[in-house]
>>> print(open('structure-v8.txt').read())   # compact mmCIF, C-alpha atoms and all ligand atoms
# COMPACT_ATOMS: atom_id res chain seq x y z
CA MET P 1 103.29 109.85 135.07
CA TYR P 2 103.91 110.12 138.83
CA ARG P 3 104.92 113.43 140.35
CA GLU P 4 108.56 112.34 140.88
CA ASP P 5 108.60 111.14 137.28
CA THR P 6 107.17 114.49 136.14
CA VAL P 7 109.82 116.41 138.10
CA ASP P 8 112.63 114.22 136.78
CA THR P 9 111.35 114.48 133.20
CA THR P 10 110.97 118.25 133.52
CA LYS P 11 114.59 118.58 134.69
CA ARG P 12 115.83 116.42 131.82
CA VAL P 13 113.88 118.44 129.28
CA LEU P 14 114.95 121.84 130.68
CA GLU P 15 118.56 120.74 130.46
CA LEU P 16 118.08 119.62 126.85
CA ILE P 17 116.63 123.04 126.04
CA ASP P 18 119.52 124.80 127.82
CA THR P 19 122.16 122.76 126.06
CA LYS P 20 120.29 122.72 122.71
CA SER P 21 120.64 118.94 122.69
CA LEU P 22 118.61 115.75 122.30
CA GLU P 23 118.49 112.32 123.92
CA CYS P 24 119.75 109.98 121.20
CA ALA P 25 120.25 106.35 120.22
CA ALA P 26 123.82 105.04 119.84
CA SER P 27 123.78 105.24 116.04
CA PRO P 28 121.51 105.65 113.04
CA GLN P 29 119.91 102.55 111.57
CA ARG P 30 118.90 101.44 108.10
CA LEU P 31 116.13 98.92 107.42
CA PRO P 32 114.62 97.50 104.21
CA SER P 33 111.30 99.10 103.32
CA ASN P 34 109.53 95.90 102.20
CA MET P 35 107.98 95.63 105.69
CA PHE P 36 105.53 98.30 104.55
CA PHE P 37 104.21 96.73 101.36
CA GLU P 38 105.00 93.01 101.08
CA ARG P 39 102.05 90.60 101.42
CA GLU P 40 104.06 88.05 103.39
CA ARG P 41 105.02 90.61 106.05
CA PHE P 42 101.44 91.88 106.12
CA GLU P 43 100.23 88.35 106.94
CA GLN P 44 102.90 88.03 109.65
CA ASP P 45 101.72 91.35 111.10
CA ARG P 46 98.11 90.18 111.12
CA GLN P 47 99.12 87.00 112.94
CA LEU P 48 101.06 89.13 115.44
CA PHE P 49 97.89 91.12 116.12
CA ALA P 50 95.90 87.89 116.56
CA ARG P 51 98.23 86.60 119.27
CA SER P 52 99.08 89.90 121.06
CA PRO P 53 97.24 91.60 123.91
CA HIS P 54 95.73 94.95 122.88
CA VAL P 55 94.86 98.01 124.92
CA ILE P 56 91.51 98.94 123.37
CA ALA P 57 89.76 101.36 125.76
CA TYR P 58 89.84 103.31 128.99
CA GLY P 59 87.93 101.41 131.67
CA SER P 60 85.93 104.57 132.39
CA GLU P 61 84.45 104.44 128.89
CA VAL P 62 82.41 101.40 129.99
CA LYS P 63 80.52 102.24 133.16
CA ASN P 64 78.35 99.74 135.06
CA GLY P 65 75.45 98.60 132.86
CA CYS P 66 77.12 99.93 129.71
CA TYR P 67 78.78 98.47 126.64
CA LEU P 68 81.22 99.45 123.93
CA THR P 69 82.01 97.90 120.55
CA ARG P 70 85.34 97.94 118.75
CA THR P 71 86.69 96.38 115.57
CA ILE P 72 90.31 95.23 115.67
CA VAL P 73 91.84 93.93 112.44
CA GLY P 74 88.38 92.83 111.30
CA VAL P 75 87.48 91.17 114.62
CA ARG P 76 84.36 92.69 116.18
CA VAL P 77 84.63 92.93 119.96
CA LEU P 78 81.87 93.73 122.47
CA LEU P 79 82.88 95.02 125.91
CA VAL P 80 80.18 94.83 128.59
CA ARG P 81 80.37 95.93 132.21
CA ASP P 82 77.49 94.34 134.08
CA ASP P 83 75.50 96.01 136.84
CA ASP P 84 77.93 94.57 139.42
CA GLY P 85 80.92 96.14 137.71
CA VAL P 86 82.32 92.95 136.16
CA LEU P 87 83.86 93.65 132.76
CA ARG P 88 83.61 91.00 130.04
CA ALA P 89 84.77 90.94 126.43
CA PHE P 90 82.90 88.94 123.80
CA LEU P 91 83.25 88.26 120.15
CA ASN P 92 80.45 90.43 118.75
CA ALA P 93 79.00 87.54 116.75
CA CYS P 94 75.64 85.90 117.32
CA ALA P 95 75.55 82.14 118.02
CA HIS P 96 72.78 81.72 115.44
CA ARG P 97 74.64 82.86 112.32
CA GLY P 98 77.29 85.31 113.38
CA ALA P 99 75.67 88.74 112.95
CA CYS P 100 76.41 91.62 115.38
CA VAL P 101 74.49 91.69 118.65
CA ALA P 102 75.44 95.31 119.40
CA HIS P 103 76.58 98.43 117.61
CA GLY P 104 78.24 101.60 118.89
CA ALA P 105 78.18 102.18 122.64
CA GLY P 106 75.64 102.90 125.35
CA GLU P 107 73.67 101.50 128.24
CA ALA P 108 72.12 98.02 127.87
CA HIS P 109 71.00 95.02 129.88
CA ARG P 110 70.12 92.93 126.85
CA PHE P 111 71.79 92.51 123.47
CA ARG P 112 69.48 91.63 120.64
CA CYS P 113 70.77 90.48 117.28
CA SER P 114 69.14 92.47 114.49
CA TYR P 115 68.98 89.47 112.10
CA HIS P 116 66.59 87.01 113.85
CA ALA P 117 66.39 88.66 117.27
CA TRP P 118 68.29 86.19 119.42
CA CYS P 119 68.79 87.91 122.75
CA TYR P 120 71.72 87.76 125.22
CA ASP P 121 72.20 89.05 128.76
CA GLN P 122 75.16 91.00 130.20
CA LYS P 123 76.99 87.72 130.85
CA GLY P 124 76.59 86.73 127.20
CA GLN P 125 74.08 83.96 127.89
CA LEU P 126 71.31 83.33 125.39
CA ILE P 127 68.06 84.25 127.14
CA ALA P 128 65.43 84.43 124.40
CA ARG P 129 64.86 83.74 120.73
CA PRO P 130 61.83 83.66 118.49
CA GLY P 131 60.64 80.16 117.50
CA ALA P 132 62.70 78.43 120.20
CA LYS P 133 60.94 75.09 119.53
CA HIS P 134 62.69 74.89 116.16
CA PHE P 135 66.01 74.54 117.94
CA GLU P 136 65.05 71.76 120.33
CA GLY P 137 67.85 69.26 120.86
CA ILE P 138 70.60 71.92 120.82
CA ASP P 139 71.63 72.83 124.36
CA ALA P 140 70.89 76.57 124.75
CA THR P 141 73.65 76.92 127.35
CA THR P 142 76.18 76.22 124.57
CA LEU P 143 74.78 79.11 122.50
CA GLY P 144 76.13 82.04 124.49
CA LEU P 145 78.42 84.75 123.16
CA LYS P 146 82.02 83.70 122.85
CA LEU P 147 84.15 85.14 125.69
CA LEU P 148 87.51 86.74 124.93
CA PRO P 149 90.33 87.29 127.43
CA VAL P 150 90.04 90.70 129.12
CA SER P 151 91.77 92.52 131.99
CA GLU P 152 92.07 96.04 133.39
CA THR P 153 95.36 97.64 134.43
CA LYS P 154 95.66 101.24 135.57
CA GLY P 155 92.22 101.95 134.14
CA LEU P 156 93.14 100.58 130.72
CA VAL P 157 91.22 97.69 129.16
CA VAL P 158 93.40 94.97 127.65
CA ILE P 159 91.94 92.18 125.52
CA GLY P 160 93.07 89.22 123.46
CA LEU P 161 91.47 88.33 120.12
CA GLN P 162 91.93 84.59 120.71
CA ASP P 163 91.19 82.35 123.72
CA ASP P 164 94.83 81.58 124.45
CA VAL P 165 96.24 85.13 124.51
CA GLU P 166 97.96 85.66 127.87
CA LEU P 167 97.22 89.16 129.23
CA ALA P 168 98.55 88.93 132.78
CA ASP P 169 101.95 90.61 132.45
CA HIS P 170 101.38 92.66 129.30
CA LEU P 171 101.69 96.08 130.96
CA ASP P 172 103.89 95.10 133.93
CA SER P 173 107.01 96.87 132.70
CA VAL P 174 105.21 100.17 132.06
CA SER P 175 102.52 100.13 134.74
CA SER P 176 104.57 102.04 137.32
CA ALA P 177 104.98 104.85 134.77
CA LEU P 178 101.26 104.96 133.95
CA ALA P 179 100.33 106.77 137.11
CA TYR P 180 97.11 108.58 136.47
CA SER P 181 93.87 107.09 137.51
CA PHE P 182 92.25 106.69 134.11
CA GLU P 183 89.10 105.50 135.92
CA ASP P 184 88.25 109.16 136.53
CA TYR P 185 88.53 110.22 132.92
CA GLU P 186 85.45 111.37 131.02
CA HIS P 187 84.81 110.47 127.41
CA LEU P 188 84.83 113.41 125.02
CA GLU P 189 84.87 112.02 121.50
CA THR P 190 85.81 108.98 119.41
CA ARG P 191 86.77 109.30 115.73
CA GLU P 192 87.87 106.87 113.05
CA PHE P 193 90.12 107.37 110.04
CA THR P 194 91.37 105.24 107.18
CA VAL P 195 94.91 106.13 106.13
CA ASN P 196 96.56 105.10 102.85
CA ALA P 197 99.69 103.89 104.56
CA ASN P 198 100.94 100.77 106.29
CA TRP P 199 99.94 100.69 109.96
CA LYS P 200 103.60 100.84 111.06
CA LEU P 201 104.09 104.18 109.28
CA VAL P 202 101.05 105.55 111.07
CA VAL P 203 102.51 104.50 114.43
CA ASP P 204 105.90 105.97 113.48
CA VAL P 205 104.59 109.52 113.04
CA ASN P 206 103.83 109.61 116.76
CA PHE P 207 107.30 108.81 118.05
CA GLU P 208 109.79 111.40 116.83
CA GLY P 209 109.93 115.17 117.03
CA TYR P 210 112.54 115.50 114.27
CA HIS P 211 109.70 116.53 111.93
CA PHE P 212 108.15 119.19 114.21
CA PRO P 213 109.95 122.26 112.75
CA PHE P 214 109.11 121.21 109.19
CA LEU P 215 105.87 119.24 108.86
CA HIS P 216 104.28 121.07 111.83
CA LYS P 217 106.00 124.42 111.25
CA ASN P 218 102.78 126.43 111.56
CA SER P 219 100.74 124.14 113.81
CA LEU P 220 102.56 122.36 116.64
CA TYR P 221 106.04 123.84 116.46
CA PRO P 222 105.05 127.37 117.53
CA ILE P 223 103.85 125.95 120.86
CA ALA P 224 106.02 122.86 121.44
CA THR P 225 109.66 121.86 120.97
CA ASN P 226 111.29 118.51 120.19
CA ASN P 227 113.69 118.57 123.17
CA ALA P 228 112.17 115.35 124.45
CA SER P 229 112.97 112.72 127.05
CA PHE P 230 112.86 109.05 125.96
CA ASP P 231 112.25 106.00 128.19
CA LEU P 232 112.04 102.30 127.36
CA PHE P 233 109.84 99.76 129.18
CA GLU P 234 110.70 96.44 127.52
CA ARG P 235 108.52 96.33 124.37
CA HIS P 236 106.72 99.55 125.32
CA CYS P 237 108.23 103.03 125.50
CA ARG P 238 107.48 106.68 126.16
CA TRP P 239 108.63 110.12 125.20
CA ALA P 240 107.74 113.52 126.58
CA PHE P 241 108.06 116.73 124.60
CA PRO P 242 107.59 120.11 126.25
CA LEU P 243 105.34 123.02 125.55
CA ARG P 244 107.40 126.19 125.18
CA SER P 245 105.61 127.43 128.30
CA ILE P 246 107.74 124.98 130.34
CA ASP P 247 110.21 127.87 130.62
CA LYS P 248 107.96 129.48 133.22
CA LEU P 249 108.88 126.67 135.66
CA ARG P 250 112.46 127.93 135.84
CA SER P 251 111.38 130.75 138.13
CA LEU P 252 109.43 128.42 140.47
CA PRO P 253 110.79 126.19 143.23
CA GLU P 254 110.44 122.50 142.36
CA ASP P 255 107.79 121.86 144.99
CA GLN P 256 105.54 124.34 143.18
CA TRP P 257 105.84 122.61 139.81
CA PRO P 258 102.55 121.11 138.66
CA ASP P 259 101.85 117.37 139.09
CA ARG P 260 101.43 116.96 135.37
CA PHE P 261 104.19 117.43 132.83
CA GLU P 262 104.08 120.80 131.05
CA GLY P 263 103.83 119.25 127.65
CA THR P 264 102.78 116.02 126.02
CA VAL P 265 103.66 112.53 127.20
CA VAL P 266 103.26 109.82 124.56
CA TYR P 267 103.32 106.09 125.34
CA PHE P 268 103.72 103.29 122.84
CA LEU P 269 101.92 100.23 124.17
CA PHE P 270 102.91 97.21 122.09
CA PRO P 271 101.85 96.38 119.42
CA SER P 272 100.07 99.56 118.20
CA CYS P 273 98.32 101.59 120.87
CA VAL P 274 99.44 105.18 121.38
CA LEU P 275 98.47 106.92 124.61
CA VAL P 276 98.83 110.69 124.67
CA GLU P 277 98.64 112.62 127.93
CA THR P 278 98.46 116.39 128.23
CA PRO P 279 97.88 118.36 131.45
CA THR P 280 94.09 118.36 130.99
CA ALA P 281 93.22 115.63 128.52
CA ALA P 282 94.20 112.25 127.16
CA GLN P 283 93.98 110.62 123.81
CA MET P 284 94.19 106.96 122.81
CA ILE P 285 95.15 106.26 119.21
CA ARG P 286 94.66 102.66 118.12
CA ILE P 287 96.24 101.78 114.80
CA TYR P 288 95.49 98.52 112.96
CA PRO P 289 96.36 96.91 109.64
CA GLY P 290 93.62 97.58 107.07
CA SER P 291 92.54 95.33 104.18
CA TYR P 292 95.91 95.43 102.41
CA PRO P 293 99.49 96.41 103.34
CA GLY P 294 99.06 100.06 102.28
CA GLU P 295 95.97 100.71 104.38
CA ALA P 296 95.60 101.40 108.11
CA HIS P 297 92.54 101.83 110.28
CA VAL P 298 92.89 104.41 113.02
CA GLN P 299 90.60 104.99 115.99
CA LEU P 300 91.03 108.03 118.22
CA THR P 301 89.42 108.38 121.62
CA TYR P 302 89.63 111.69 123.47
CA MET P 303 89.14 111.81 127.23
CA LEU P 304 89.15 114.62 129.80
CA THR P 305 90.93 114.33 133.11
CA GLY P 306 87.94 115.06 135.31
CA PRO P 307 84.47 116.55 135.57
CA VAL P 308 84.19 119.64 133.37
CA SER P 309 81.55 122.26 132.67
CA GLU P 310 79.78 122.53 129.32
CA ALA P 311 81.90 125.58 128.48
CA GLU P 312 85.12 123.67 129.22
CA ARG P 313 83.86 120.72 127.17
CA ALA P 314 83.26 123.06 124.21
CA MET P 315 86.76 124.45 124.62
CA HIS P 316 88.22 120.93 124.62
CA LEU P 317 86.26 120.08 121.48
CA GLU P 318 88.10 122.97 119.78
CA GLY P 319 91.35 121.33 120.93
CA VAL P 320 90.16 118.05 119.41
CA LYS P 321 89.61 119.82 116.08
CA PHE P 322 93.20 121.08 116.25
CA SER P 323 94.62 117.59 116.98
CA ASN P 324 92.46 115.91 114.35
CA ALA P 325 93.56 118.43 111.74
CA LEU P 326 97.21 118.00 112.74
CA LEU P 327 97.00 114.24 112.29
CA ARG P 328 94.73 114.16 109.24
CA ASP P 329 96.27 117.03 107.26
CA GLU P 330 99.92 116.69 108.24
CA ASP P 331 101.02 113.38 109.86
CA PHE P 332 98.72 111.03 107.91
CA VAL P 333 99.47 112.84 104.65
CA ALA P 334 103.20 112.35 105.26
CA ALA P 335 102.66 108.65 106.10
CA ALA P 336 100.70 108.13 102.85
CA GLU P 337 103.48 109.85 100.85
CA CYS P 338 106.06 107.53 102.45
CA GLN P 339 103.93 104.53 101.49
CA GLN P 340 103.83 105.68 97.86
CA GLY P 341 107.59 106.17 97.90
CA PHE P 342 108.22 102.64 99.15
CA GLU P 343 105.78 101.04 96.74
CA ALA P 344 107.47 102.93 93.88
CA GLY P 345 110.88 101.47 94.71
CA ARG P 346 112.42 103.46 97.57
CA ASP P 347 113.95 100.32 99.04
CA SER P 348 115.14 101.32 102.50
CA ILE P 349 114.42 103.63 105.39
CA VAL P 350 116.88 105.36 107.66
CA MET P 351 116.17 106.13 111.31
CA GLY P 352 118.56 108.69 112.77
CA SER P 353 120.13 108.55 116.21
CA ASN P 354 117.73 111.42 116.92
CA GLU P 355 114.81 108.99 116.39
CA PRO P 356 115.57 106.47 119.16
CA LEU P 357 112.01 105.31 119.75
CA LEU P 358 111.46 104.44 116.11
CA GLN P 359 114.49 102.16 116.34
CA HIS P 360 113.13 100.60 119.54
CA ILE P 361 109.60 100.09 118.20
CA HIS P 362 110.73 98.54 114.92
CA ARG P 363 113.06 96.23 116.87
CA ALA P 364 110.14 95.14 119.07
CA TRP P 365 107.92 94.44 116.04
CA ASP P 366 110.65 92.56 114.19
CA GLU P 367 111.58 90.44 117.20
CA ALA P 368 107.93 89.56 117.78
CA ILE P 369 107.72 87.95 114.34
CA GLY P 370 111.11 86.26 114.66
CA LEU P 371 113.21 88.72 112.65
CA LYS P 372 116.51 90.02 113.92
CA CYS P 373 116.95 93.75 113.68
CA PRO P 374 120.51 94.71 112.58
S1 LIG N 1 72.26 85.77 113.22
FE1 LIG N 1 71.69 86.52 115.12
S2 LIG N 1 69.67 85.88 115.37
FE2 LIG N 1 70.22 85.02 113.46
FE FE N 2 103.63 114.72 113.80
>>> encode(input="structure-v8.txt", output="structure tokens")
Amino acid sequence: MYREDTVDTTKRVLELIDTKSLECAASPQRLPSNMFFERERFEQDRQLFARSPHVIAYGSEVKNGCYLTRTIVGVRVLLVRDDDGVLRAFLNACAHRGACVAHGAGEAHRFRCSYHAWCYDQKGQLIARPGAKHFEGIDATTLGLKLLPVSETKGLVVIGLQDDVELADHLDSVSSALAYSFEDYEHLETREFTVNANWKLVVDVNFEGYHFPFLHKNSLYPIATNNASFDLFERHCRWAFPLRSIDKLRSLPEDQWPDRFEGTVVYFLFPSCVLVETPTAAQMIRIYPGSYPGEAHVQLTYMLTGPVSEAERAMHLEGVKFSNALLRDEDFVAAAECQQGFEAGRDSIVMGSNEPLLQHIHRAWDEAIGLKCP
């Protein structure tokens, strides 16, 4: 968020607090709940993921000479930044018989498959293999790793899971709002969770504050309020909810307000990436369909906004514990309960006018698979 954006958002939020009001959608909305459990919709969702661009990492997570692996809806992806700084994305599948050529993340100039030790360079070219004479007649230059579309915008890595996914304009509508230089961020921690709920429910918990005083009564609500601003950027969107400490800004002239919003700014990047910005840290939550409609895979990456001491890093790790517990013990539990309710016959959901981003996000998902939202 740019400074002018921060100032504008702060003014909007302070006014909402003063007037005890909320930014709202025009009306409430009711939708059938079969989108969370029906097989047919699940397959449509999986196809949507196959043809959509995905934000999968901060560029600063993959420094020169380093790599990173991710799994997205069962597709294993290898990101490699070569020594010259060129970032490539590959299918993490060996040309010999498809096994992984890399695991985890780290520094590497060569990628060696653990099955029969075929070896690839940073450009994905096959450079060595045991018993090469047994493969004579097959052109080795056709046995490189399969490239996937990849681009970087505002320090965010965007990839496609198929050759023909067009990435170019994916973040255009939201890029002017994504102001921070994510290139400078430092990696703190990456975690993975499996949640017993449809992936859409796991996204939903991140985009309304209606539940703060209840589900987060003793965790988040004592420090933050739900008097949030909401902004739409075509299929993407953003909300910003304040820390209660935002009140201290009232006694300061505007030009002394901090550059970063006194609270949490949360972006939805279509189709299922959630970017969370706080004054000193950032978090990327990637949410994917699991093996069946009622299962989601969640990956969380925590970053810090600049160089920090060991003591500060330890302090941030305490913050990570707080956020992980909030998600795992409160939001994900609620999402799993909703899933059980729908599977047991609760046949519709209602999104209030006080949940405008849920309405927007569901509309974007439905339109992307050719459904018309009411
Ligand atoms: S599958 Fe990779 S070397 Fe055989
Ligand atoms: Fe929540």
>>> residues_near_ligand(input="structure-v8.txt", ligand="ligand FE 2 (chain N)", cutoff="9 Å", atoms="only C-alpha atoms and all ligand atoms", output="list in words")
Val205, Asn206, Phe207, Glu208, Gly209, Tyr210, His211, Phe212, Leu215, His216, Leu220, Leu326, Leu327, Glu330, Asp331, Phe332 and Ala334 of chain P
>>> atom_distance(input="structure-v8.txt", atom1="atom CA of Val150 of chain P", atom2="atom CA of Gly124 of chain P")
14.2 Å
>>> residues_near_ligand(input="structure-v8.txt", ligand="ligand LIG 1 (chain N)", cutoff="6 Å", atoms="only C-alpha atoms and all ligand atoms", output="ChimeraX atom specification")
/P:94,96-99,113,115-118
>>> closest_residue(input="structure-v8.txt", among="P:Gly144, P:Gly59, P:Pro279, P:Gly104", to="Thr190 of chain P", atoms="only C-alpha atoms")
P:Gly104
>>> residues_near_point(input="structure-v8.txt", point="(88.5, 112.6, 107.7)", cutoff="9 Å", atoms="all atoms listed in the file", output="ChimeraX atom specification")
/P:191-194,324-325,328-329
>>> write_last_selection(input="structure-v8.txt", atoms="C-alpha atoms", output="PDB file, in the frame of the given file")
ATOM      1  CA  ARG P 191      86.770 109.300 115.730  1.00  0.00           C
ATOM      2  CA  GLU P 192      87.870 106.870 113.050  1.00  0.00           C
ATOM      3  CA  PHE P 193      90.120 107.370 110.040  1.00  0.00           C
ATOM      4  CA  THR P 194      91.370 105.240 107.180  1.00  0.00           C
ATOM      5  CA  ASN P 324      92.460 115.910 114.350  1.00  0.00           C
ATOM      6  CA  ALA P 325      93.560 118.430 111.740  1.00  0.00           C
ATOM      7  CA  ARG P 328      94.730 114.160 109.240  1.00  0.00           C
ATOM      8  CA  ASP P 329      96.270 117.030 107.260  1.00  0.00           C
TER       9      ASP P 329
END
>>> atom_distance(input="structure-v8.txt", atom1="atom CA of Asp84 of chain P", atom2="atom CA of Tyr58 of chain P")
18.1 Å
>>> closest_atom_pairs(input="structure-v8.txt", of="segment 197-275 of chain P", to="segment 350-357 of chain P", cutoff="12 Å", atoms="all atoms listed in the file", output="Markdown table")
| residue | atom | partner | partner_atom | distance |
| --- | --- | --- | --- | --- |
| P:Val203 | CA | P:Leu357 | CA | 10.9 |
| P:Asp204 | CA | P:Leu357 | CA | 8.8 |
| P:Val205 | CA | P:Glu355 | CA | 10.8 |
| P:Asn206 | CA | P:Leu357 | CA | 9.7 |
| P:Phe207 | CA | P:Leu357 | CA | 6.1 |
| P:Glu208 | CA | P:Glu355 | CA | 5.6 |
| P:Gly209 | CA | P:Glu355 | CA | 7.9 |
| P:Tyr210 | CA | P:Asn354 | CA | 7.1 |
| P:His211 | CA | P:Glu355 | CA | 10.1 |
| P:Asn226 | CA | P:Asn354 | CA | 10.1 |
| P:Asn227 | CA | P:Asn354 | CA | 10.3 |
| P:Ala228 | CA | P:Asn354 | CA | 10.2 |
| P:Ser229 | CA | P:Pro356 | CA | 10.4 |
| P:Phe230 | CA | P:Leu357 | CA | 7.3 |
| P:Asp231 | CA | P:Leu357 | CA | 8.5 |
| P:Leu232 | CA | P:Leu357 | CA | 8.2 |
| P:Phe233 | CA | P:Leu357 | CA | 11.2 |
| P:Glu234 | CA | P:Leu357 | CA | 11.9 |
| P:Arg235 | CA | P:Leu357 | CA | 10.7 |
| P:His236 | CA | P:Leu357 | CA | 9.6 |
| P:Cys237 | CA | P:Leu357 | CA | 7.2 |
| P:Arg238 | CA | P:Leu357 | CA | 8.0 |
| P:Trp239 | CA | P:Leu357 | CA | 8.0 |
| P:Ala240 | CA | P:Leu357 | CA | 11.5 |
| P:Val266 | CA | P:Leu357 | CA | 11.0 |
| P:Tyr267 | CA | P:Leu357 | CA | 10.4 |
| P:Phe268 | CA | P:Leu357 | CA | 9.1 |
>>> residues_around(input="structure-v8.txt", residues="Ser175 of chain P", least_positions_apart="6", cutoff="10 Å", atoms="all atoms listed in the file", output="list in words")
Met1, Thr153, Lys154, Asp169 and Phe233 of chain P
>>> atom_distance(input="structure-v8.txt", atom1="atom CA of Gly106 of chain P", atom2="atom CA of Pro271 of chain P")
27.7 Å
>>> residues_around(input="structure-v8.txt", residues="Ser245 of chain P", least_positions_apart="2", cutoff="8 Å", atoms="only C-alpha atoms", output="PyMOL selection string")
chain P and resi 223+242-243+247-248+262
>>> closest_residue(input="structure-v8.txt", among="P:Ile17, P:Ile72, P:Leu79, P:Val308", to="Leu161 of chain P", atoms="all atoms listed in the file")
P:Ile72
>>> closest_residue(input="structure-v8.txt", among="P:Leu178, P:Asp259, P:Val195, P:Asp5", to="Leu275 of chain P", atoms="only C-alpha atoms")
P:Leu178
